[in-house]
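> File name final-v7.cif; file contents mmCIF, C-alpha atoms and all ligand atoms; full text below.
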```cif
data_protein
loop_
_atom_site.group_PDB
_atom_site.id
_atom_site.type_symbol
_atom_site.label_atom_id
_atom_site.label_comp_id
_atom_site.auth_asym_id
_atom_site.auth_seq_id
_atom_site.Cartn_x
_atom_site.Cartn_y
_atom_site.Cartn_z
ATOM 1 C CA MET A 188 -7.292 14.503 20.563
ATOM 2 C CA SER A 189 -9.327 15.366 17.523
ATOM 3 C CA LEU A 190 -12.914 14.266 17.827
ATOM 4 C CA VAL A 191 -13.624 14.339 14.111
ATOM 5 C CA LEU A 192 -11.293 12.222 12.072
ATOM 6 C CA THR A 193 -11.117 11.234 8.481
ATOM 7 C CA GLY A 194 -8.834 8.265 8.287
ATOM 8 C CA CYS A 195 -7.300 6.113 5.642
ATOM 9 C CA ALA A 196 -8.850 2.681 5.937
ATOM 10 C CA GLY A 197 -7.054 0.898 3.144
ATOM 11 C CA SER A 198 -4.134 0.819 0.798
ATOM 12 C CA GLY A 199 -4.430 4.489 -0.132
ATOM 13 C CA GLY A 200 -6.609 6.286 -2.622
ATOM 14 C CA GLU A 201 -9.538 8.580 -1.949
ATOM 15 C CA GLU A 202 -12.125 5.791 -2.232
ATOM 16 C CA ASP A 203 -10.680 3.969 0.746
ATOM 17 C CA ARG A 204 -11.013 6.880 3.118
ATOM 18 C CA VAL A 205 -13.579 6.694 5.865
ATOM 19 C CA VAL A 206 -15.179 9.433 7.941
ATOM 20 C CA TYR A 207 -15.357 8.789 11.661
ATOM 21 C CA ILE A 208 -17.558 11.139 13.633
ATOM 22 C CA SER A 209 -17.150 10.652 17.357
ATOM 23 C CA ASN A 210 -20.526 11.927 18.396
ATOM 24 C CA GLU A 211 -23.270 10.104 20.217
ATOM 25 C CA THR A 212 -24.194 8.151 17.108
ATOM 26 C CA GLY A 213 -20.624 6.996 16.428
ATOM 27 C CA VAL A 214 -21.095 7.410 12.679
ATOM 28 C CA GLU A 215 -18.585 5.763 10.374
ATOM 29 C CA ALA A 216 -19.084 6.237 6.644
ATOM 30 C CA PRO A 217 -17.123 6.199 3.381
ATOM 31 C CA LEU A 218 -15.752 9.616 2.479
ATOM 32 C CA VAL A 219 -17.374 10.717 -0.768
ATOM 33 C CA ILE A 220 -16.275 14.179 -1.875
ATOM 34 C CA PRO A 221 -18.727 15.618 -4.435
ATOM 35 C CA ALA A 222 -17.288 15.651 -7.986
ATOM 36 C CA GLU A 223 -17.580 19.449 -8.282
ATOM 37 C CA TYR A 224 -15.001 19.833 -5.472
ATOM 38 C CA LYS A 225 -13.002 16.614 -5.459
ATOM 39 C CA ASP A 226 -10.067 17.436 -7.736
ATOM 40 C CA LYS A 227 -9.799 21.172 -7.128
ATOM 41 C CA ILE A 228 -6.419 22.578 -6.143
ATOM 42 C CA ASN A 229 -5.929 25.804 -4.189
ATOM 43 C CA PRO A 230 -4.679 28.397 -6.719
ATOM 44 C CA LEU A 231 -3.624 30.636 -3.800
ATOM 45 C CA ALA A 232 -1.623 28.086 -1.787
ATOM 46 C CA GLY A 233 1.269 29.738 0.026
ATOM 47 C CA ASP A 234 0.420 33.193 -1.350
ATOM 48 C CA PRO A 235 1.286 35.730 1.399
ATOM 49 C CA ALA A 236 -1.533 38.159 0.511
ATOM 50 C CA ALA A 237 -4.057 35.300 0.461
ATOM 51 C CA ILE A 238 -2.802 34.027 3.829
ATOM 52 C CA ALA A 239 -3.188 37.522 5.328
ATOM 53 C CA SER A 240 -6.767 37.903 4.000
ATOM 54 C CA GLY A 241 -7.609 34.379 5.101
ATOM 55 C CA LYS A 242 -6.316 35.064 8.592
ATOM 56 C CA GLU A 243 -8.489 38.169 8.888
ATOM 57 C CA ALA A 244 -11.564 36.216 7.746
ATOM 58 C CA TYR A 245 -10.688 33.327 10.084
ATOM 59 C CA PHE A 246 -10.644 35.607 13.134
ATOM 60 C CA ALA A 247 -13.903 37.263 12.052
ATOM 61 C CA LEU A 248 -15.850 34.107 11.127
ATOM 62 C CA CYS A 249 -14.257 30.894 12.384
ATOM 63 C CA SER A 250 -12.272 31.396 15.579
ATOM 64 C CA GLN A 251 -15.337 31.554 17.850
ATOM 65 C CA CYS A 252 -15.772 27.824 17.195
ATOM 66 C CA HIS A 253 -12.393 26.594 15.921
ATOM 67 C CA GLY A 254 -10.390 28.704 18.405
ATOM 68 C CA GLU A 255 -7.887 31.516 17.856
ATOM 69 C CA ASP A 256 -5.133 28.886 17.741
ATOM 70 C CA GLY A 257 -7.164 26.573 15.463
ATOM 71 C CA ARG A 258 -7.399 23.738 17.983
ATOM 72 C CA GLY A 259 -11.194 23.628 17.968
ATOM 73 C CA GLU A 260 -11.692 25.097 21.424
ATOM 74 C CA GLY A 261 -13.231 28.502 20.739
ATOM 75 C CA PRO A 262 -15.769 30.047 23.142
ATOM 76 C CA ASP A 263 -18.720 28.746 21.074
ATOM 77 C CA ALA A 264 -17.327 25.199 20.852
ATOM 78 C CA ALA A 265 -18.540 24.090 24.267
ATOM 79 C CA GLY A 266 -21.565 21.876 23.875
ATOM 80 C CA LEU A 267 -21.145 21.284 20.149
ATOM 81 C CA ASN A 268 -21.499 17.630 19.164
ATOM 82 C CA PRO A 269 -19.551 16.791 17.084
ATOM 83 C CA ARG A 270 -16.857 19.229 18.178
ATOM 84 C CA PRO A 271 -15.120 21.704 15.820
ATOM 85 C CA ALA A 272 -12.152 20.332 13.899
ATOM 86 C CA ASP A 273 -8.576 20.843 15.126
ATOM 87 C CA PHE A 274 -6.612 22.452 12.278
ATOM 88 C CA THR A 275 -3.288 21.937 14.042
ATOM 89 C CA ASP A 276 -3.622 18.144 13.709
ATOM 90 C CA GLN A 277 -0.934 17.718 11.032
ATOM 91 C CA GLU A 278 -1.770 14.126 10.171
ATOM 92 C CA GLN A 279 -5.395 15.056 9.657
ATOM 93 C CA MET A 280 -4.656 18.216 7.678
ATOM 94 C CA GLN A 281 -2.325 16.355 5.339
ATOM 95 C CA GLU A 282 -5.117 13.916 4.551
ATOM 96 C CA ASN A 283 -7.543 16.778 4.023
ATOM 97 C CA THR A 284 -7.128 17.546 0.327
ATOM 98 C CA ASP A 285 -7.792 21.042 -1.015
ATOM 99 C CA GLY A 286 -10.984 19.675 -2.604
ATOM 100 C CA TYR A 287 -12.131 18.235 0.728
ATOM 101 C CA LEU A 288 -11.540 21.530 2.550
ATOM 102 C CA LEU A 289 -13.264 23.551 -0.197
ATOM 103 C CA TRP A 290 -16.259 21.210 0.025
ATOM 104 C CA ARG A 291 -16.535 21.252 3.810
ATOM 105 C CA ILE A 292 -16.162 25.035 4.094
ATOM 106 C CA SER A 293 -18.603 25.634 1.198
ATOM 107 C CA ASP A 294 -21.281 23.128 2.213
ATOM 108 C CA GLY A 295 -20.811 22.985 6.006
ATOM 109 C CA GLY A 296 -22.020 20.098 8.139
ATOM 110 C CA ASP A 297 -25.813 20.009 7.942
ATOM 111 C CA PHE A 298 -25.951 16.631 6.193
ATOM 112 C CA ASP A 299 -24.928 12.977 6.689
ATOM 113 C CA PRO A 300 -22.593 11.796 8.037
ATOM 114 C CA TYR A 301 -21.524 15.072 9.702
ATOM 115 C CA ASN A 302 -24.792 16.516 11.036
ATOM 116 C CA SER A 303 -22.861 19.297 12.721
ATOM 117 C CA LEU A 304 -23.264 23.018 13.231
ATOM 118 C CA MET A 305 -20.387 23.751 10.853
ATOM 119 C CA THR A 306 -21.713 26.663 8.757
ATOM 120 C CA ALA A 307 -22.135 26.393 4.954
ATOM 121 C CA TRP A 308 -19.998 29.364 3.920
ATOM 122 C CA GLY A 309 -20.458 28.840 0.184
ATOM 123 C CA THR A 310 -23.528 31.078 0.127
ATOM 124 C CA LEU A 311 -21.734 33.860 2.030
ATOM 125 C CA LEU A 312 -18.178 33.804 0.686
ATOM 126 C CA SER A 313 -16.716 33.626 -2.818
ATOM 127 C CA GLU A 314 -14.606 30.639 -3.857
ATOM 128 C CA GLN A 315 -11.560 32.932 -3.771
ATOM 129 C CA GLU A 316 -12.317 33.920 -0.163
ATOM 130 C CA ILE A 317 -12.587 30.228 0.774
ATOM 131 C CA TRP A 318 -9.238 29.468 -0.896
ATOM 132 C CA GLU A 319 -7.741 32.340 1.148
ATOM 133 C CA LEU A 320 -9.090 30.711 4.317
ATOM 134 C CA ILE A 321 -7.599 27.372 3.251
ATOM 135 C CA SER A 322 -4.230 29.039 2.580
ATOM 136 C CA TYR A 323 -4.351 30.366 6.145
ATOM 137 C CA LEU A 324 -5.472 27.048 7.694
ATOM 138 C CA ARG A 325 -2.475 25.346 6.075
ATOM 139 C CA THR A 326 -0.103 27.701 7.941
ATOM 140 C CA LEU A 327 -1.385 26.687 11.391
ATOM 141 C CA PRO A 328 1.283 24.901 13.407
HETATM 142 C C1 LIG B 1 -20.731 27.384 14.811
HETATM 143 C C2 LIG B 1 -19.384 26.837 14.958
HETATM 144 C C3 LIG B 1 -18.501 26.835 13.724
HETATM 145 C C4 LIG B 1 -18.075 27.903 12.965
HETATM 146 C C5 LIG B 1 -18.422 29.374 13.159
HETATM 147 C C6 LIG B 1 -17.181 27.367 11.967
HETATM 148 N N1 LIG B 1 -17.089 26.008 12.093
HETATM 149 FE FE1 LIG B 1 -15.959 24.744 10.941
HETATM 150 N N2 LIG B 1 -16.654 23.142 11.971
HETATM 151 C C7 LIG B 1 -17.493 23.214 13.070
HETATM 152 C C8 LIG B 1 -17.718 21.882 13.578
HETATM 153 C C9 LIG B 1 -18.602 21.530 14.767
HETATM 154 C C10 LIG B 1 -16.951 21.000 12.770
HETATM 155 C C11 LIG B 1 -16.783 19.483 12.941
HETATM 156 C C12 LIG B 1 -17.895 18.690 12.368
HETATM 157 C C13 LIG B 1 -17.854 18.642 10.855
HETATM 158 O O1 LIG B 1 -16.839 18.205 10.282
HETATM 159 O O2 LIG B 1 -18.860 19.049 10.246
HETATM 160 C C14 LIG B 1 -16.310 21.834 11.755
HETATM 161 C C15 LIG B 1 -15.517 21.339 10.735
HETATM 162 C C16 LIG B 1 -14.817 22.125 9.835
HETATM 163 C C17 LIG B 1 -13.966 21.607 8.786
HETATM 164 C C18 LIG B 1 -13.694 20.140 8.484
HETATM 165 C C19 LIG B 1 -12.311 19.795 9.016
HETATM 166 C C20 LIG B 1 -11.932 18.341 8.961
HETATM 167 O O3 LIG B 1 -10.764 18.040 9.326
HETATM 168 O O4 LIG B 1 -12.730 17.482 8.578
HETATM 169 C C21 LIG B 1 -13.424 22.695 8.155
HETATM 170 C C22 LIG B 1 -12.421 22.689 7.016
HETATM 171 C C23 LIG B 1 -13.953 23.876 8.799
HETATM 172 N N3 LIG B 1 -14.809 23.493 9.810
HETATM 173 C C24 LIG B 1 -13.637 25.171 8.451
HETATM 174 C C25 LIG B 1 -14.237 26.315 8.995
HETATM 175 C C26 LIG B 1 -13.956 27.660 8.549
HETATM 176 C C27 LIG B 1 -12.898 28.042 7.510
HETATM 177 C C28 LIG B 1 -14.786 28.492 9.247
HETATM 178 C C29 LIG B 1 -14.931 29.995 9.112
HETATM 179 C C30 LIG B 1 -15.157 30.527 7.778
HETATM 180 C C31 LIG B 1 -15.576 27.662 10.150
HETATM 181 N N4 LIG B 1 -15.206 26.355 9.966
HETATM 182 C C32 LIG B 1 -16.522 28.140 11.048
HETATM 183 C C33 LIG B 1 -18.043 24.340 13.612
HETATM 184 C C34 LIG B 1 -17.882 25.640 13.147
#
```
Is it possible to express this structure as structure tokens?

Amino acid sequence: MSLVLTGCAGSGGEEDRVVYISNETGVEAPLVIPAEYKDKINPLAGDPAAIASGKEAYFALCSQCHGEDGRGEGPDAAGLNPRPADFTDQEQMQENTDGYLLWRISDGGDFDPYNSLMTAWGTLLSEQEIWELISYLRTLP
């Protein structure tokens, strides 16, 4: 079970989506993706070279929390609240737009409603490197 869910609370459309964070506070808040990210589309989607680079970066930077298999159970995940996301949750990943993923990887989780230890990679990686990571995440079974 994924402990961090973004669900669709209404008749469709971004504005109706809600963030549920199953931590001790039980936060539930409207999902508001910042305008600078919202409508962006991955220019490297499905690109084999991008997927290979993204995989390398994933194993270097992300797998200790999100797990080598992407299920959110890496060695550093124990004790994190909220827990790392499960990238193999197909329903969840289909709802996660490219713009959402770019935002969350760039800005991390150190703000409401997430308040998590998800790192803000935007200061460390280029936008291209983040798109490569997203291309890889979308290949996870
Ligand atoms: C220190 C542990 C840690 C590391 C390292 C880490 N993450 Fe996370 N990540 C988290 C946690 C905890 C969450 C869940 C809480 C949240 O959404 O902020 C999360 C959430 C996310 C989400 C949101 C997913 C969703 O369905 O809402 C994305 C995308 C993500 N991480 C990508 C990455 C990528 C890519 C890397 C490597 C470049 C990475 N993370 C490295 C801890 C980590």
> List the residues selected by the PyMOL selection byres (((chain A and resi 233) around 12) and not hetatm) in the file shown, writing them as a list in words.
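That expression, the PyMOL selection byres (((chain A and resi 233) around 12) and not hetatm), corresponds here to Asn229, Pro230, Leu231, Ala232, Asp234, Pro235, Ala236, Ala237, Ile238, Ala239, Gly241, Trp318, Glu319, Leu320, Ile321, Ser322, Tyr323, Leu324, Arg325 and Thr326 of chain A.
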> Any idea what the distance is between CA of Tyr245 (chain A) and CA of Ile317 (chain A)?
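That distance, rounded to one decimal, is 10.0 Å.
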> Quote the spacing between CA of Ala216 (chain A) and CA of Gln281 (chain A) in Å to one decimal place.
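The value is 19.6 Å.
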> Since I can't run it myself right now, could you work out what the PyMOL selection byres (((chain A and resi 273) around 12) and not hetatm) selects here and report it as a PyMOL selection string?
chain A and resi 188-193+249-250+252-261+264+269-272+274-280+283+324-325+327-328
> Suppose we keep C-alpha atoms; can you now write the selection as a PDB file, keeping the file's coordinate frame?

```pdb
ATOM      1  CA  MET A 188      -7.292  14.503  20.563  1.00  0.00           C
ATOM      2  CA  SER A 189      -9.327  15.366  17.523  1.00  0.00           C
ATOM      3  CA  LEU A 190     -12.914  14.266  17.827  1.00  0.00           C
ATOM      4  CA  VAL A 191     -13.624  14.339  14.111  1.00  0.00           C
ATOM      5  CA  LEU A 192     -11.293  12.222  12.072  1.00  0.00           C
ATOM      6  CA  THR A 193     -11.117  11.234   8.481  1.00  0.00           C
ATOM      7  CA  CYS A 249     -14.257  30.894  12.384  1.00  0.00           C
ATOM      8  CA  SER A 250     -12.272  31.396  15.579  1.00  0.00           C
ATOM      9  CA  CYS A 252     -15.772  27.824  17.195  1.00  0.00           C
ATOM     10  CA  HIS A 253     -12.393  26.594  15.921  1.00  0.00           C
ATOM     11  CA  GLY A 254     -10.390  28.704  18.405  1.00  0.00           C
ATOM     12  CA  GLU A 255      -7.887  31.516  17.856  1.00  0.00           C
ATOM     13  CA  ASP A 256      -5.133  28.886  17.741  1.00  0.00           C
ATOM     14  CA  GLY A 257      -7.164  26.573  15.463  1.00  0.00           C
ATOM     15  CA  ARG A 258      -7.399  23.738  17.983  1.00  0.00           C
ATOM     16  CA  GLY A 259     -11.194  23.628  17.968  1.00  0.00           C
ATOM     17  CA  GLU A 260     -11.692  25.097  21.424  1.00  0.00           C
ATOM     18  CA  GLY A 261     -13.231  28.502  20.739  1.00  0.00           C
ATOM     19  CA  ALA A 264     -17.327  25.199  20.852  1.00  0.00           C
ATOM     20  CA  PRO A 269     -19.551  16.791  17.084  1.00  0.00           C
ATOM     21  CA  ARG A 270     -16.857  19.229  18.178  1.00  0.00           C
ATOM     22  CA  PRO A 271     -15.120  21.704  15.820  1.00  0.00           C
ATOM     23  CA  ALA A 272     -12.152  20.332  13.899  1.00  0.00           C
ATOM     24  CA  PHE A 274      -6.612  22.452  12.278  1.00  0.00           C
ATOM     25  CA  THR A 275      -3.288  21.937  14.042  1.00  0.00           C
ATOM     26  CA  ASP A 276      -3.622  18.144  13.709  1.00  0.00           C
ATOM     27  CA  GLN A 277      -0.934  17.718  11.032  1.00  0.00           C
ATOM     28  CA  GLU A 278      -1.770  14.126  10.171  1.00  0.00           C
ATOM     29  CA  GLN A 279      -5.395  15.056   9.657  1.00  0.00           C
ATOM     30  CA  MET A 280      -4.656  18.216   7.678  1.00  0.00           C
ATOM     31  CA  ASN A 283      -7.543  16.778   4.023  1.00  0.00           C
ATOM     32  CA  LEU A 324      -5.472  27.048   7.694  1.00  0.00           C
ATOM     33  CA  ARG A 325      -2.475  25.346   6.075  1.00  0.00           C
ATOM     34  CA  LEU A 327      -1.385  26.687  11.391  1.00  0.00           C
ATOM     35  CA  PRO A 328       1.283  24.901  13.407  1.00  0.00           C
TER      36      PRO A 328
END
```
> So, with all atoms listed in the file as the atoms that count, which of A:Leu248, A:Ser313, A:Phe298, A:Val205 lies closest to ligand LIG 1 (chain B)?
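Once distances to ligand LIG 1 (chain B) are computed over all atoms listed in the file, the minimum belongs to A:Leu248.
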